[in-house]
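Accompanying notes for the structure given below.
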Amino acid sequence: MGLTPLSEWSGQIGELVIGATRTDGGTRSHAVTIGGERDLPYIGIPPSGHIPRVAYELTDDPSLWQSAAIRTIGDRAHDPSDWAAFAEKELQPDLIRLYLSSTRRRGFSDLSQIGKTVEAVLQATKLPLIIEGSNDPALDSSVFRKIGEAAEGERVLLGTAESGRYRSAAAAAMAYGHSLIAQSPIDINLAKQLNILLRETGLPHDRIAIDPYTGALGYGFEYSYSVMERIRYSALKGDTDLAMPLISSAADSLTVKEVREAEGGDADQAAVAWEMYSMLPATLAGASIVCVRHPLSIAGLKSAIASLWNGQKSVGV
Amino acid sequence: MPTVTFLPSFRKTEVAQGSTILEAAQKAGFHMNVVCGGQGKCGKCTVMVRSGETEFDREKFGNFFSRDEAGEGACLSCQTRVMGDVRVLIPEGSLVQEQQILIDTPGVPVELDPAVWKYALSLLPPTLDDPSPDLSRLLWGIEKKGGPKEGAIYAPLEVIRQIPKVLRESGWKITATVALVPGGYRLINVEKGNTTSHCYGAAVDLGTTTVVVYLRSLIDGSIVGIGSNYNRQISCGEDILSRVNYAKRGGLGKLQSLATESINAALTTASNSAGIDRDDIYEVVVAGNTIMTHILMGIDPAYMIEEPYVPVVRRHLTTAARRVGLAVGENSGLFIFPAVSDFIGGDIIADILASGMTETNDISLLIDIGTNFEVVLGNRDWMFACAGAAGPALEGGEVLFGMRANPGAIEQVSLDLDTLEPSYRTIRNQKPKGLCGSGLIDLLAELLRACVIDRTGRINPMISHERIREGRQVPEFVVAWRDETSIGKEIVITENDIKALIMSKASILAACQTLMNQAGIERSAISRIYFSGAFGNYINKDHAIMIGLIPEVPVDRVITMGNGAIAGANIALLNRKKKRILDEIARKIAYIELNADPSFMDEYTGSCFLPHTDLSLFPGVERMLDQCRIRRVSP
């Protein structure tokens with residue numbers, strides 16, 4: 001017994017493909033398609049569109065990463081390709097999101113290393129990739145070009161464009177055939193504005209994922225939830241400038257006081273709980289990709305999403 | 001007491017030691033530019049101390065000046081104390097300048113039906129056989145001439161005292177003036193001989209910044225003289241809040257007398273140019289914002305700016321004009337337009353009256369942009385109004401090279417879409433000094449059309465052009481090179497300026513949208529958009545729509561009515577029946593408090609985009625911009 005959709009929506013979320021297999025000119029083992037929904041999340045059997053996916057976030061500079069996230073990773077954390085290979089084999093996320101955090105260090109200049117890191121990670125894992133560049137307008141142009149170039153043909157999801165700095169990221173995405181994350185600060189109007197700006201640079205709508213910015217649970221998550229919901233409603237009502245899949249990452253989850261101050265085994269439990277209880281509701285609000293940093297969050301989240309998707313009781317969570 | 005000598009005029013004044021230079025300048029009769037009311041916040045009252053002993057905290061206020069300026073002794077006059085004899089140079093920019101003040105009034109046809117009448121009477125002197133009193137004779141005379149019945153006219157004591165002498169000295173040939181006031185007919189003047197042709201009234205727009213006076217003949221309705229003047233309260237603070245704060249600090253009396261002084265000065269200009277005696281002005285009708293009219297009447301405005309923001313009166317006010325200090329006929333009446341709320345004042349009621357929007361079933365949107373903005377939506381049956389602060393950007397404030405509409409201000413700009421070369425026109429064709437509101441709106445629209453800025457107002461850094469460059473902090477566009485200007489430097493518009501302009505226009509558009517949502521109407525239902533206020537008259541309507549300052553409607557539906565407040569005051573002066581409907585208009589308006597409306601913030605964020613985040617609200621603009629983009633991509 002499932003629910004019958006109550007509403008007839010006129011709009012549909014666009015589809016976004018991440019990753020290119022050999023036939024598409026890339027080296028990924030498979031591509032991930034998200035979006036395509038014609039209704040609210042998890043409505044109908046099967047629900048419309050594609051199942052929400054879980055991305056695992058890692059970095060090329062662990063000194064800037066939360067300790068809760070790397071406690072169980074060990075030395076692999078110092079080599080993003082090792083880390084990615086381990087993740088694919090042991091943690092089995094749907095996607096890997098690589099943060100080139102080193103570019104965010106003061107005085108960063110080693111562009112060639114960026115290219116090498118991206119190539120090494122592409123070698124180490126066959127999962128589709130999300131790659132995060134700098135967040136400095138002065139560096140954007142060269143960093144995004146470097147990433148774009150190194151990952152050419154792999155159809156990665158590039159991050160992140162903001163309304164104050166979107167041209168370089170969009171240019172790299174278009175030049176090298178990638179897609180782009182458009183991030184705006186928890187406001188439906190600002191999300192839409194950025195999508196319009198990107199459209200006007202020539203980036204097609206089916207290569208944009210909206211990141212409405214997600215606050216951690218208890219630290220503003222409900223605002224993000226409500227904005228995601230509103231974006232989904234507008235898209236289903238026919239607003240094509242908002243009809244892109246949503247990506248959500250409550251990256252602050254591992255730095256909230258409750259997680260930071262938990263001790264020993266409780267610390268992992270608290271970290272996983274905080275990520276799960278932010279990211280599962282995010283899929284209920286409409287997120288197509290949810291991102292986590294704690295290795296132990298992945299399996300539980302995938303299983304919970306699958307059971308909601310299939311309309312069955314959850315197992316093993 | 002120390003003497004302060006002001007250069008370049010060498011005007012001198014003496015002040016107590018420890019007085020500020022600003023106080024000295026005001027005492028010497030200079031109208032200093034004091035936007036913040038003398039709190040050291042705006043940096044507009046800069047002077048150069050040439051010699052002498054002063055006290056000024058250079059560290060605290062240093063960021064107002066360049067190193068060069070500091071080297072020349074630049075100080076804020078409001079924060080500099082005179083400690084001995086000093087010589088001070090007042091740069092031209094620190095003085096309130098002659099401004100393009102709007103004095104046109106739309107030719108609204110109005111039937112002449114004033115509230116003042118003059119009767120030339122030739123009376124029979126009393127005899128032993130006919131010993132009726134002087135007053136009765138006079139009033140019967142009026143009745144015989146078709147005026148009100150003898151018993152219906154009230155004669156105040158001060159007029160009665162004059163009657164016996166005037167009657168006898170004139171050989172019983174006199175002119176009596178009767179006015180209709182709230183209490184009924186009133187005998188307000190008795191003169192020798194026939195003066196019926198000397199019967200005038202004054203319509204006054206008492207604005208926060210300017211005062212405009214129209215003198216009209218109440219015999220034939222013609223305009224006999226026009227005068228305008230700065231509101232001299234500017235020396236106590238440029239914006240309305242600083243005025244109220246000044247009043248709170250015990251300055252109500254000074255503000256009141258400055259208000260009447262300003263009106264009197266404009267009245268004098270107008271009557272001198274018309275060659276008439278101010279004593280022949282028998283009625284004064286004033287439209288002004290709520291705070292201005294409260295101050296003029298000497299009513300404390302302090303509580304209006306505090307929660308829950310209530311004015312003291314919401315109906316029209318009448319009194320004798322002389323009681324508040326207006327230099328007109330001794331018993332002349334003063335009529336003040338009613339206000340709706342603290343932010344919707346008599347000036348807006350005058351706008352509404354002048355637009356005629358309450359006389360039709362068609363829905364109109366009226367926007368008054370001045371120091372603040374007010375928006376009214378409605379027709380004969382219903383009306384919503386709201387008010388807000390648009391920020392000073394549209395009037396040239398908070399914009400690096402922004403200025404008021406003074407001579408030398410760039411008031412029109414267009415860009416060559418291929419070469420990005422601007423062509424501009426300045427007020428009085430002087431060399432450019434800066435950009436005023438209409439010029440800024442043109443520039444914003446043209447930069448958008450030329451794809452120099454994106455819809456959030458950011459300059460596209462990928463265009464390589466000599467006029468587009470990285471400024472001191474943010475990117476900027478050069479409007480005029482140094483050798484074109486009269487200020488010895490280039491005139492640019494920066495990304496921050498553009499942001500401020502977008503925020504200003506967004507609050508106005510969001511206010512319009514909020515009222516439309518409240519009324520449940522779409523832009524297609526709007527049959528007229530009226531622009532009132534000095535700003536609106538010079539504005540390029542297409543550009544106003546292009547940047548999303550107002551909703552998109554066919555441009556011929558946009559009507560710039562000029563100074564609606566003075567137009568409304570004129571109408572009420574010429575036709576007393578119109579005065580009667582004013583209170584009703586004021587009552588009919590439902591005031592929407594934008595801050596209390598949860599959708600306003602959403603509308604505002606949506607409007608912080610050129611022209612609006614919901615592009616379907618501006619289909620015409622979108623078609624045009626699409627073409628511009630195509631042109632840009634394939635030159």
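By order in the structure tokens, chains are A, B, ...; within a chain, residues start at 1; ligands start at 1, following the order shown.
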### Task
Find the residues near Asp61 of chain A: any atom within 8 Å, counting only C-alpha atoms, skip ones fewer than 6 places away on the same chain, and give them as a list in words.
His78, Leu100, Ser101 and Ser102 of chain A
Please write the residues from the selection above to a file, keeping C-alpha atoms, as a compact mmCIF listing (two decimals), in the first residue's frame.
# COMPACT_ATOMS: atom_id res chain seq x y z
CA HIS A 78 47.23 12.48 4.18
CA LEU A 100 40.76 21.00 -2.56
CA SER A 101 41.01 22.71 0.80
CA SER A 102 44.71 23.43 0.25
#### Entry: Close residues, Ser288 of chain A itself excluded, 12 Å, only C-alpha atoms, min 5 positions apart in chain, as a PyMOL selection string
chain A and resi 13-17+32-37+40-42+49-55+94-95+209-211+228+232+244-249+279-283+305
### Message
Contacts from chain B to chain A, 8 Å maximum, only C-alpha atoms: show me the residue list as a VMD selection string.
### Response
chain B and resid 454 to 456 458 602 605 to 606 609 613
Do you know which residues are at most 8 Å from Pro114 of chain B counting only C-alpha atoms, after dropping those on the same chain fewer than 2 positions away, and could you put them as a CSV table (one decimal) with N, CA and C atoms, in the first residue's frame?
chain,number,residue,atom,x,y,z
B,112,LEU,N,-13.2,77.1,-10.1
B,112,LEU,CA,-12.9,78.1,-9.1
B,112,LEU,C,-14.0,78.2,-8.1
B,116,VAL,N,-12.8,82.3,0.1
B,116,VAL,CA,-12.7,83.7,0.5
B,116,VAL,C,-13.4,84.6,-0.5
B,117,TRP,N,-14.1,85.5,-0.1
B,117,TRP,CA,-14.8,86.5,-1.0
B,117,TRP,C,-14.6,87.9,-0.5
B,218,LEU,N,-7.7,84.7,-6.2
B,218,LEU,CA,-8.9,84.0,-5.8
B,218,LEU,C,-10.1,84.6,-6.6
B,573,LEU,N,-6.9,75.0,-2.5
B,573,LEU,CA,-7.0,76.5,-2.4
B,573,LEU,C,-8.1,77.1,-3.3
B,574,LEU,N,-8.1,76.5,-4.5
B,574,LEU,CA,-9.1,77.1,-5.5
B,574,LEU,C,-10.5,76.6,-5.3
B,575,ASN,N,-10.6,75.4,-4.8
B,575,ASN,CA,-12.0,74.9,-4.7
B,575,ASN,C,-12.2,74.3,-3.3
B,576,ARG,N,-13.0,75.0,-2.5
B,576,ARG,CA,-13.2,74.6,-1.1
B,576,ARG,C,-13.9,73.3,-1.0
### Message
At a cut-off of 9 Å, using only C-alpha atoms, what residues contact Ile208 of chain A? Leave out same-chain residues fewer than 5 positions from it and give the result as a list in words.
### Response
Leu16, Leu157, Ser179, Leu180, Ile181, Ala182, Asn195, Leu198, Leu203, Met244 and Pro245 of chain A
Find the residues near Phe618 of chain B: any atom within 10 Å, counting only C-alpha atoms, skip ones fewer than 2 places away on the same chain, and give them as a short mmCIF file (atom, residue, chain, number, x, y, z; two decimals) with C-alpha atoms, in the first residue's frame.
data_model
loop_
_atom_site.label_atom_id
_atom_site.label_comp_id
_atom_site.auth_asym_id
_atom_site.auth_seq_id
_atom_site.Cartn_x
_atom_site.Cartn_y
_atom_site.Cartn_z
CA ARG B 523 0.24 44.54 -12.83
CA ILE B 545 10.86 50.04 -15.69
CA MET B 546 14.03 48.45 -17.05
CA ILE B 547 15.78 48.43 -13.70
CA GLY B 548 12.60 47.36 -11.92
CA PRO B 551 6.16 47.34 -12.13
CA GLU B 552 6.21 46.88 -15.88
CA VAL B 553 3.21 48.53 -17.49
CA LEU B 610 17.57 43.74 -12.24
CA PRO B 611 14.69 44.03 -12.89
CA HIS B 612 13.30 41.30 -10.58
CA THR B 613 13.96 37.65 -9.73
CA ASP B 614 10.59 36.73 -11.20
CA LEU B 615 11.43 37.62 -14.78
CA SER B 616 7.84 36.96 -15.86
CA GLY B 620 9.05 43.47 -22.15
CA VAL B 621 12.32 44.19 -20.35
CA GLU B 622 13.32 40.54 -20.77
CA ARG B 623 12.78 40.61 -24.52
#
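The space between atom CA of Met601 of chain B and atom CA of Ala511 of chain B spans 9.9 Å.
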### Task
Please give the complete set of residues from segment 80-117 of chain A that DSSP, run on the backbone, assigns to strand (DSSP E), formatted as a PyMOL selection string.
chain A and resi 95-99
Residues from last step as file, N, CA and C atoms, as a PDB file, in the first residue's frame:
ATOM      1  N   LEU A  95      28.895   8.756  -4.326  1.00  0.00           N
ATOM      2  CA  LEU A  95      29.791   9.723  -4.968  1.00  0.00           C
ATOM      3  C   LEU A  95      30.879  10.108  -3.967  1.00  0.00           C
ATOM      4  N   ILE A  96      31.974  10.643  -4.523  1.00  0.00           N
ATOM      5  CA  ILE A  96      32.996  11.207  -3.642  1.00  0.00           C
ATOM      6  C   ILE A  96      33.095  12.700  -3.924  1.00  0.00           C
ATOM      7  N   ARG A  97      33.114  13.456  -2.835  1.00  0.00           N
ATOM      8  CA  ARG A  97      33.235  14.911  -2.987  1.00  0.00           C
ATOM      9  C   ARG A  97      34.598  15.313  -2.446  1.00  0.00           C
ATOM     10  N   LEU A  98      35.458  15.730  -3.347  1.00  0.00           N
ATOM     11  CA  LEU A  98      36.830  16.074  -2.991  1.00  0.00           C
ATOM     12  C   LEU A  98      36.955  17.576  -2.777  1.00  0.00           C
ATOM     13  N   TYR A  99      37.335  17.957  -1.579  1.00  0.00           N
ATOM     14  CA  TYR A  99      37.582  19.375  -1.292  1.00  0.00           C
ATOM     15  C   TYR A  99      39.058  19.671  -1.495  1.00  0.00           C
TER      16      TYR A  99
END
### Message
At a cut-off of 10 Å, using only C-alpha atoms, what residues contact Lys431 of chain B? Leave out same-chain residues fewer than 4 positions from it and give the result as a list in words.
### Response
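My list of contacting residues is Pro407, Gly408, Ala409, Ile410, Arg425, Thr426, Ile427, Asp483, Glu484, Thr485, Ser486 and Ile487 of chain B.
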### Task
Kindly indicate which residue among B:Gly183, B:Phe373, B:Cys36, B:Val212 lies nearest to Val244 of chain B, using only C-alpha atoms for the distances.
B:Cys36
### Query
If you run DSSP on this backbone, which residues of segment 239-301 of chain B come out as alpha helix (DSSP H), and could you give them as JSON, numbers by chain?
{"B": [240, 241, 242, 243, 244, 245, 246, 252, 253, 254, 255, 256, 257, 258, 259, 260, 261, 262, 263, 264, 265, 266, 267, 268, 269, 270, 271, 272, 273, 274, 290, 291, 292, 293, 294, 295, 296]}
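Here atom CA of Ala267 of chain A and atom CA of Asp82 of chain A stand 24.7 Å from one another.
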#### Entry: Surrounding residues of Thr27 of chain A excluding itself and chain neighbours under 4 positions, 7 Å, only C-alpha atoms, as a ChimeraX atom specification
/A:20-22,126,154
### Counting only C-alpha atoms, the option among A:Phe221, A:Val259, A:Ile131, A:Arg28 closest to Gly153 of chain A
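Of the candidates, the smallest distance to Gly153 of chain A is held by A:Arg28.
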### Query
In Å, how far is it from atom CA of Glu59 of chain B to atom CA of Gly73 of chain B?
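These atoms are spaced 13.3 Å apart.
When only C-alpha atoms are used to compute distances to Lys579 of chain B, the closest of the residues B:Cys42, B:Ile349, B:Ala519, B:Val313 turns out to be B:Ile349.
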### Task
Find, counting only C-alpha atoms, the residue in A:Ala273, A:Leu127, A:Ala173, A:Ala138 that gets nearest to Ser297 of chain A.
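Ranking A:Ala273, A:Leu127, A:Ala173, A:Ala138 by distance to Ser297 of chain A, first place goes to A:Ala273.
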